[in-house]
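Reproduced below: data-v6.json, with JSON, C-alpha atoms and all ligand atoms.
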[["chain", "number", "residue", "atom", "x", "y", "z"],
["A", 1, "MET", "CA", 90.16, 101.11, 44.72],
["A", 2, "ALA", "CA", 91.38, 104.57, 43.82],
["A", 3, "ALA", "CA", 91.20, 107.59, 46.05],
["A", 4, "ALA", "CA", 88.18, 109.77, 45.48],
["A", 5, "LYS", "CA", 88.57, 113.06, 43.72],
["A", 6, "LYS", "CA", 88.97, 115.48, 46.55],
["A", 7, "ILE", "CA", 85.93, 117.65, 46.98],
["A", 8, "CYS", "CA", 86.28, 117.95, 50.73],
["A", 9, "LYS", "CA", 88.75, 120.46, 52.15],
["A", 10, "LEU", "CA", 88.49, 119.42, 55.76],
["A", 11, "THR", "CA", 91.49, 118.10, 57.65],
["A", 12, "LEU", "CA", 91.97, 114.38, 57.40],
["A", 13, "GLU", "CA", 93.08, 111.98, 60.08],
["A", 14, "PHE", "CA", 94.58, 108.61, 59.32],
["A", 15, "CYS", "CA", 94.34, 105.30, 61.08],
["A", 16, "GLN", "CA", 95.48, 101.76, 60.46],
["A", 17, "PHE", "CA", 93.81, 98.59, 61.61],
["A", 18, "SER", "CA", 95.13, 95.06, 61.45],
["A", 19, "SER", "CA", 92.57, 92.56, 60.24],
["A", 20, "PRO", "CA", 92.25, 89.02, 58.90],
["A", 21, "VAL", "CA", 92.81, 90.44, 55.40],
["A", 22, "GLY", "CA", 95.87, 92.43, 56.41],
["A", 23, "PHE", "CA", 96.25, 96.08, 57.31],
["A", 24, "ILE", "CA", 93.32, 98.33, 56.53],
["A", 25, "LYS", "CA", 94.07, 102.01, 56.04],
["A", 26, "VAL", "CA", 91.34, 104.46, 56.90],
["A", 27, "SER", "CA", 91.22, 108.20, 56.44],
["A", 28, "SER", "CA", 88.44, 110.43, 57.62],
["A", 29, "CYS", "CA", 87.37, 114.03, 57.96],
["A", 30, "PRO", "CA", 84.89, 114.99, 60.67],
["A", 31, "ILE", "CA", 82.02, 114.40, 58.21],
["A", 32, "GLY", "CA", 82.92, 110.85, 57.37],
["A", 33, "LEU", "CA", 85.33, 108.34, 55.89],
["A", 34, "HIS", "CA", 87.36, 109.27, 52.84],
["A", 35, "GLU", "CA", 89.15, 106.01, 52.37],
["A", 36, "MET", "CA", 89.07, 102.44, 53.60],
["A", 37, "SER", "CA", 91.54, 100.33, 51.73],
["A", 38, "MET", "CA", 93.74, 97.31, 52.05],
["A", 39, "GLU", "CA", 97.49, 97.42, 51.65],
["A", 40, "THR", "CA", 98.53, 98.84, 48.31],
["A", 41, "ASN", "CA", 100.67, 95.87, 47.32],
["A", 42, "LEU", "CA", 98.17, 93.22, 48.43],
["A", 43, "SER", "CA", 97.67, 90.67, 45.66],
["A", 44, "ASP", "CA", 96.84, 87.03, 45.02],
["A", 45, "GLU", "CA", 100.57, 86.29, 45.14],
["A", 46, "ASN", "CA", 101.05, 87.47, 48.72],
["A", 47, "PHE", "CA", 97.59, 87.22, 50.32],
["A", 48, "VAL", "CA", 97.70, 85.11, 53.50],
["A", 49, "PRO", "CA", 94.62, 85.58, 55.65],
["A", 50, "ASN", "CA", 95.36, 86.11, 59.32],
["A", 51, "ALA", "CA", 93.85, 83.31, 61.41],
["A", 52, "LEU", "CA", 93.03, 85.75, 64.21],
["A", 53, "ASN", "CA", 89.51, 86.81, 63.28],
["A", 54, "ASP", "CA", 89.75, 90.17, 64.93],
["A", 55, "VAL", "CA", 90.66, 93.77, 64.32],
["A", 56, "LEU", "CA", 93.19, 95.81, 66.25],
["A", 57, "VAL", "CA", 94.04, 99.46, 65.94],
["A", 58, "VAL", "CA", 97.69, 100.05, 65.14],
["A", 59, "ARG", "CA", 99.92, 102.38, 67.17],
["A", 60, "VAL", "CA", 97.02, 104.31, 68.75],
["A", 61, "LYS", "CA", 95.08, 103.56, 71.91],
["A", 62, "GLU", "CA", 91.42, 102.93, 71.29],
["A", 63, "GLN", "CA", 90.42, 105.66, 73.70],
["A", 64, "ASP", "CA", 92.43, 108.20, 71.71],
["A", 65, "LEU", "CA", 90.54, 107.57, 68.48],
["A", 66, "SER", "CA", 88.19, 110.27, 67.18],
["A", 67, "THR", "CA", 84.46, 109.64, 67.30],
["A", 68, "ILE", "CA", 84.25, 108.60, 63.67],
["A", 69, "MET", "CA", 87.29, 106.32, 63.92],
["A", 70, "LYS", "CA", 85.77, 104.67, 67.00],
["A", 71, "VAL", "CA", 82.60, 103.99, 65.00],
["A", 72, "CYS", "CA", 84.77, 102.63, 62.21],
["A", 73, "TYR", "CA", 86.72, 100.41, 64.62],
["A", 74, "LYS", "CA", 83.54, 98.94, 66.10],
["A", 75, "TRP", "CA", 82.13, 98.38, 62.64],
["A", 76, "LEU", "CA", 85.28, 96.56, 61.44],
["A", 77, "GLN", "CA", 85.39, 94.43, 64.60],
["A", 78, "GLN", "CA", 81.78, 93.40, 64.05],
["A", 79, "TYR", "CA", 82.46, 92.73, 60.37],
["A", 80, "PHE", "CA", 85.28, 90.31, 61.07],
["A", 81, "ARG", "CA", 83.93, 88.75, 64.28],
["A", 82, "ASP", "CA", 80.33, 88.15, 63.25],
["A", 83, "VAL", "CA", 79.38, 89.72, 59.96],
["A", 84, "LYS", "CA", 75.81, 88.40, 60.08],
["A", 85, "GLN", "CA", 75.11, 90.85, 62.87],
["A", 86, "ILE", "CA", 76.72, 93.83, 61.13],
["A", 87, "SER", "CA", 73.44, 95.73, 60.84],
["A", 88, "LYS", "CA", 73.34, 95.93, 64.65],
["A", 89, "VAL", "CA", 76.27, 98.35, 64.79],
["A", 90, "PRO", "CA", 76.28, 101.83, 63.26],
["A", 91, "ARG", "CA", 77.96, 102.17, 59.90],
["A", 92, "PRO", "CA", 80.39, 105.07, 59.79],
["A", 93, "ASP", "CA", 79.34, 107.93, 57.54],
["A", 94, "ILE", "CA", 81.16, 108.31, 54.24],
["A", 95, "CYS", "CA", 82.12, 111.85, 53.33],
["A", 96, "ALA", "CA", 81.52, 111.45, 49.58],
["A", 97, "LEU", "CA", 78.00, 110.18, 50.21],
["A", 98, "LYS", "CA", 77.26, 113.28, 52.23],
["A", 99, "GLN", "CA", 78.83, 115.69, 49.74],
["A", 100, "GLU", "CA", 78.34, 114.39, 46.20],
["A", 101, "THR", "CA", 74.91, 112.84, 46.50],
["A", 102, "LYS", "CA", 73.91, 113.77, 42.93],
["A", 103, "ALA", "CA", 76.88, 112.05, 41.30],
["A", 104, "PHE", "CA", 75.91, 108.73, 39.74],
["A", 105, "ARG", "CA", 78.84, 106.90, 41.27],
["A", 106, "ALA", "CA", 77.83, 108.13, 44.74],
["A", 107, "GLN", "CA", 74.33, 106.81, 44.12],
["A", 108, "VAL", "CA", 75.84, 103.45, 43.15],
["A", 109, "TRP", "CA", 77.94, 103.35, 46.33],
["A", 110, "GLN", "CA", 74.95, 104.33, 48.46],
["A", 111, "ILE", "CA", 72.49, 101.78, 47.08],
["A", 112, "LEU", "CA", 75.11, 99.04, 47.19],
["A", 113, "ALA", "CA", 75.95, 99.76, 50.83],
["A", 114, "ASP", "CA", 72.27, 100.11, 51.77],
["A", 115, "THR", "CA", 70.69, 97.21, 49.91],
["A", 116, "VAL", "CA", 73.24, 94.43, 49.34],
["A", 117, "GLY", "CA", 74.11, 92.82, 52.66],
["A", 118, "PRO", "CA", 76.45, 90.04, 53.77],
["A", 119, "GLY", "CA", 75.69, 86.72, 52.13],
["A", 120, "GLU", "CA", 74.28, 88.44, 49.05],
["A", 121, "VAL", "CA", 75.80, 89.22, 45.69],
["A", 122, "ILE", "CA", 74.46, 91.37, 42.86],
["A", 123, "THR", "CA", 75.42, 91.64, 39.20],
["A", 124, "TYR", "CA", 76.55, 94.89, 37.63],
["A", 125, "GLY", "CA", 73.38, 94.88, 35.54],
["A", 126, "ALA", "CA", 71.05, 94.29, 38.48],
["A", 127, "LEU", "CA", 72.75, 97.09, 40.38],
["A", 128, "ALA", "CA", 72.24, 99.44, 37.42],
["A", 129, "SER", "CA", 68.57, 98.43, 37.28],
["A", 130, "ARG", "CA", 68.21, 99.07, 40.98],
["A", 131, "LEU", "CA", 69.15, 102.67, 40.16],
["A", 132, "ASN", "CA", 66.48, 102.73, 37.43],
["A", 133, "ASN", "CA", 69.24, 102.92, 34.85],
["A", 134, "PRO", "CA", 69.63, 99.44, 33.37],
["A", 135, "GLY", "CA", 71.90, 100.71, 30.58],
["A", 136, "ALA", "CA", 74.49, 102.06, 33.00],
["A", 137, "VAL", "CA", 76.42, 98.82, 33.49],
["A", 138, "ARG", "CA", 79.73, 100.40, 32.48],
["A", 139, "ALA", "CA", 79.15, 103.36, 34.79],
["A", 140, "VAL", "CA", 78.47, 100.93, 37.61],
["A", 141, "GLY", "CA", 81.74, 99.17, 36.78],
["A", 142, "SER", "CA", 83.55, 102.49, 36.86],
["A", 143, "ALA", "CA", 81.99, 103.34, 40.24],
["A", 144, "MET", "CA", 83.24, 100.01, 41.58],
["A", 145, "ARG", "CA", 86.78, 100.58, 40.30],
["A", 146, "ASN", "CA", 86.77, 104.03, 41.90],
["A", 147, "ASN", "CA", 85.27, 102.97, 45.20],
["A", 148, "PRO", "CA", 87.44, 104.67, 47.87],
["A", 149, "THR", "CA", 85.81, 102.89, 50.79],
["A", 150, "GLY", "CA", 86.07, 99.17, 50.18],
["A", 151, "ILE", "CA", 84.38, 96.57, 52.43],
["A", 152, "ILE", "CA", 82.02, 99.21, 53.81],
["A", 153, "VAL", "CA", 80.80, 99.97, 50.28],
["A", 154, "PRO", "CA", 80.83, 96.28, 49.42],
["A", 155, "CYS", "CA", 82.10, 96.23, 45.83],
["A", 156, "HIS", "CA", 83.27, 92.67, 46.55],
["A", 157, "ARG", "CA", 79.57, 91.68, 46.45],
["A", 158, "VAL", "CA", 79.25, 92.83, 42.84],
["A", 159, "VAL", "CA", 79.69, 89.92, 40.45],
["A", 160, "ARG", "CA", 79.22, 89.01, 36.83],
["A", 161, "SER", "CA", 76.32, 86.82, 35.75],
["A", 162, "ASN", "CA", 78.64, 83.92, 34.86],
["A", 163, "ASP", "CA", 81.44, 84.27, 37.43],
["A", 164, "MET", "CA", 82.69, 86.11, 40.47],
["A", 165, "GLY", "CA", 83.98, 89.07, 38.47],
["A", 166, "LEU", "CA", 87.20, 90.92, 39.07],
["A", 167, "TYR", "CA", 88.45, 92.48, 42.28],
["A", 168, "HIS", "CA", 91.05, 95.18, 42.14],
["A", 169, "GLY", "CA", 91.45, 94.65, 38.41],
["A", 170, "GLY", "CA", 91.76, 90.91, 38.90],
["A", 171, "LYS", "CA", 94.78, 91.14, 41.22],
["A", 172, "ARG", "CA", 92.85, 90.26, 44.39],
["A", 173, "GLN", "CA", 90.55, 87.41, 43.43],
["A", 174, "SER", "CA", 91.56, 85.42, 46.52],
["A", 175, "VAL", "CA", 90.67, 88.40, 48.72],
["A", 176, "LYS", "CA", 87.26, 88.74, 47.09],
["A", 177, "LEU", "CA", 86.71, 85.03, 47.56],
["A", 178, "TRP", "CA", 87.77, 85.25, 51.22],
["A", 179, "LEU", "CA", 85.35, 88.13, 51.88],
["A", 180, "LEU", "CA", 82.46, 86.37, 50.14],
["A", 181, "LYS", "CA", 83.10, 83.08, 51.97],
["A", 182, "HIS", "CA", 83.41, 84.96, 55.25],
["A", 183, "GLU", "CA", 79.95, 86.37, 54.56],
["A", 184, "GLY", "CA", 78.49, 82.98, 53.72],
["A", 185, "VAL", "CA", 78.60, 83.00, 49.92],
["A", 186, "ASP", "CA", 79.85, 79.58, 48.87],
["A", 187, "LYS", "CA", 79.11, 79.36, 45.18],
["A", 188, "TYR", "CA", 82.49, 80.51, 43.79],
["B", 201, "ZN", "ZN", 85.46, 114.97, 54.02]]
Could you express the structure from this file as structure tokens?
Ligand SMILES: [Zn+2]
Amino acid sequence: MAAAKKICKLTLEFCQFSSPVGFIKVSSCPIGLHEMSMETNLSDENFVPNALNDVLVVRVKEQDLSTIMKVCYKWLQQYFRDVKQISKVPRPDICALKQETKAFRAQVWQILADTVGPGEVITYGALASRLNNPGAVRAVGSAMRNNPTGIIVPCHRVVRSNDMGLYHGGKRQSVKLWLLKHEGVDKY
């Protein structure tokens, strides 16, 4: 998950949360999230899920978080505690989805986040078709590789027709599997 090309000039704030899949780094401007990503060096070689199925904010008191980070914190807690009920808590806004709405990749991120929920998976091709652009499978793949806000834009739910597909270029297959199992997908 690469950082988005910066089209927003607003000041960013940074936060770190501990989670069952390790530390999650979040950056945000007042409009919305810029990044939600797992530790840079996380890979199949070192992934050890934390048995504590909860999320804690690191080094900051919850009451000192900004409004958007509080929303993010609540969303992450719900995701890891009881993902089936995730639609009951507000999803934090994502800056890129507010600012680059015409970009194809932003449309991919939006429709994925809006229409593919926990327990579901979708193929690259089906996602392209959902955007009325069935030929855009490669562009969908590119949007997934460049997704700056993982988990919340659930690129882990995008699979290939014959297998689970790659996560983080194939370096985090066990993480993808963990997320899918956590959400109730058992077929991989
Ligand atoms: Zn922004």
Chain A near ligand ZN 201 (chain B) within 7 Å: what's each residue's closest atom pair and its distance in Å to one decimal, counting all atoms listed in the file, ordered by chain then ascending residue number, as JSON lines?
{"residue": "A:Cys8", "atom": "CA", "partner": "B:ZN201", "partner_atom": "ZN", "distance": 4.5}
{"residue": "A:Lys9", "atom": "CA", "partner": "B:ZN201", "partner_atom": "ZN", "distance": 6.7}
{"residue": "A:Leu10", "atom": "CA", "partner": "B:ZN201", "partner_atom": "ZN", "distance": 5.7}
{"residue": "A:Ser28", "atom": "CA", "partner": "B:ZN201", "partner_atom": "ZN", "distance": 6.5}
{"residue": "A:Cys29", "atom": "CA", "partner": "B:ZN201", "partner_atom": "ZN", "distance": 4.5}
{"residue": "A:Pro30", "atom": "CA", "partner": "B:ZN201", "partner_atom": "ZN", "distance": 6.7}
{"residue": "A:Ile31", "atom": "CA", "partner": "B:ZN201", "partner_atom": "ZN", "distance": 5.5}
{"residue": "A:Gly32", "atom": "CA", "partner": "B:ZN201", "partner_atom": "ZN", "distance": 5.9}
{"residue": "A:Leu33", "atom": "CA", "partner": "B:ZN201", "partner_atom": "ZN", "distance": 6.9}
{"residue": "A:His34", "atom": "CA", "partner": "B:ZN201", "partner_atom": "ZN", "distance": 6.1}
{"residue": "A:Cys95", "atom": "CA", "partner": "B:ZN201", "partner_atom": "ZN", "distance": 4.6}
{"residue": "A:Ala96", "atom": "CA", "partner": "B:ZN201", "partner_atom": "ZN", "distance": 6.9}
Could you take the residues named above and write them with C-alpha atoms, as a CSV table (one decimal), in the frame of the given file?
chain,number,residue,atom,x,y,z
A,8,CYS,CA,86.3,118.0,50.7
A,9,LYS,CA,88.8,120.5,52.2
A,10,LEU,CA,88.5,119.4,55.8
A,28,SER,CA,88.4,110.4,57.6
A,29,CYS,CA,87.4,114.0,58.0
A,30,PRO,CA,84.9,115.0,60.7
A,31,ILE,CA,82.0,114.4,58.2
A,32,GLY,CA,82.9,110.8,57.4
A,33,LEU,CA,85.3,108.3,55.9
A,34,HIS,CA,87.4,109.3,52.8
A,95,CYS,CA,82.1,111.8,53.3
A,96,ALA,CA,81.5,111.4,49.6
Provide an axis-aligned box for all listed atoms of region 84-87 of chain A, padding each side by 5 Å; report its centre and its edge lengths in Å to one decimal, as lines of an AutoDock Vina configuration file.
center_x = 75.1
center_y = 92.1
center_z = 61.5
size_x = 13.3
size_y = 17.3
size_z = 12.8
*Could you state the separation of CA of His156 (chain A) and CA of Phe80 (chain A) in Å, given to one decimal place?*
14.8 Å
*In Å to one decimal, how far is CA of Asp163 (chain A) from CA of Tyr124 (chain A)?*
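Rounded to one decimal, the two atoms are 11.7 Å apart.
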_Shell of 9 Å around Ser174 (chain A), all atoms listed in the file, local chain residues under 4 positions omitted, as an MDAnalysis selection string_ = chainID A and resid 43:44 47 167 178:179
*Kindly indicate which residue among A:Met38, A:Val57, A:Val71, A:Val48 lies nearest to Cys15 (chain A), using only C-alpha atoms for the distances.*
A:Val57
*May I ask for the distance between CA of Ile24 (chain A) and CA of Tyr188 (chain A), given in Å to one decimal place?*
24.4 Å
*Of the candidates A:Arg59, A:Val121, A:Thr149, A:Val108, which one gets nearest to Val26 (chain A) if we count all atoms listed in the file?*
A:Thr149
Do you know which residues are at most 12 Å from Gly170 (chain A) counting all atoms listed in the file, after dropping those on the same chain fewer than 2 positions away, and could you put them as a compact mmCIF listing (two decimals) with C-alpha atoms, in the coordinates of the input?
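Below you can see out-v1.txt, which holds the result:
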# COMPACT_ATOMS: atom_id res chain seq x y z
CA MET A 1 90.16 101.11 44.72
CA LEU A 42 98.17 93.22 48.43
CA SER A 43 97.67 90.67 45.66
CA ASP A 44 96.84 87.03 45.02
CA GLU A 45 100.57 86.29 45.14
CA ARG A 145 86.78 100.58 40.30
CA HIS A 156 83.27 92.67 46.55
CA MET A 164 82.69 86.11 40.47
CA GLY A 165 83.98 89.07 38.47
CA LEU A 166 87.20 90.92 39.07
CA TYR A 167 88.45 92.48 42.28
CA HIS A 168 91.05 95.18 42.14
CA ARG A 172 92.85 90.26 44.39
CA GLN A 173 90.55 87.41 43.43
CA SER A 174 91.56 85.42 46.52
CA VAL A 175 90.67 88.40 48.72
CA LYS A 176 87.26 88.74 47.09
CA LEU A 177 86.71 85.03 47.56
_From the options A:Thr115, A:Lys74, A:Ser27, A:Glu100, which residue's atoms come nearest to Lys88 (chain A), counting all atoms listed in the file?_
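So, comparing all the options, the nearest one is A:Lys74.
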*asked:* I'd like the contact shell of Gln78 (chain A) - 12 Å cut-off, only C-alpha atoms, skipping same-chain residues fewer than 2 positions apart - returned as a ChimeraX atom specification.
replied: /A:19,53-56,71-76,80-91,152,183
_From the options A:Ser37, A:Thr123, A:Thr11, A:Gln107, which residue's atoms come nearest to Asn162 (chain A), counting all atoms listed in the file?_
A:Thr123
*asked:* Give me, as a VMD selection string, all polymer residues having an atom no more than 9 Å from Gly119 (chain A), counting all atoms listed in the file and skipping those fewer than 2 positions away in the same chain.
replied: chain A and resid 84 116 to 117 121 157 180 to 186
*Find the residues around Ile122 (chain A) up to 9 Å (all atoms listed in the file counted), leave out those fewer than 2 positions away in its own chain, and share them as a PyMOL selection string.*
chain A and resi 112+116+120+124-127+157-161
*With distances taken over only C-alpha atoms, which of A:Val153, A:Leu131, A:Ile111, A:Val21 is nearest to Ile94 (chain A)?*
A:Val153
*Which is closer to Met36 (chain A) than all the others in A:Lys70, A:Asn147, A:Lys187, A:Val137, using all atoms listed in the file?*
A:Asn147
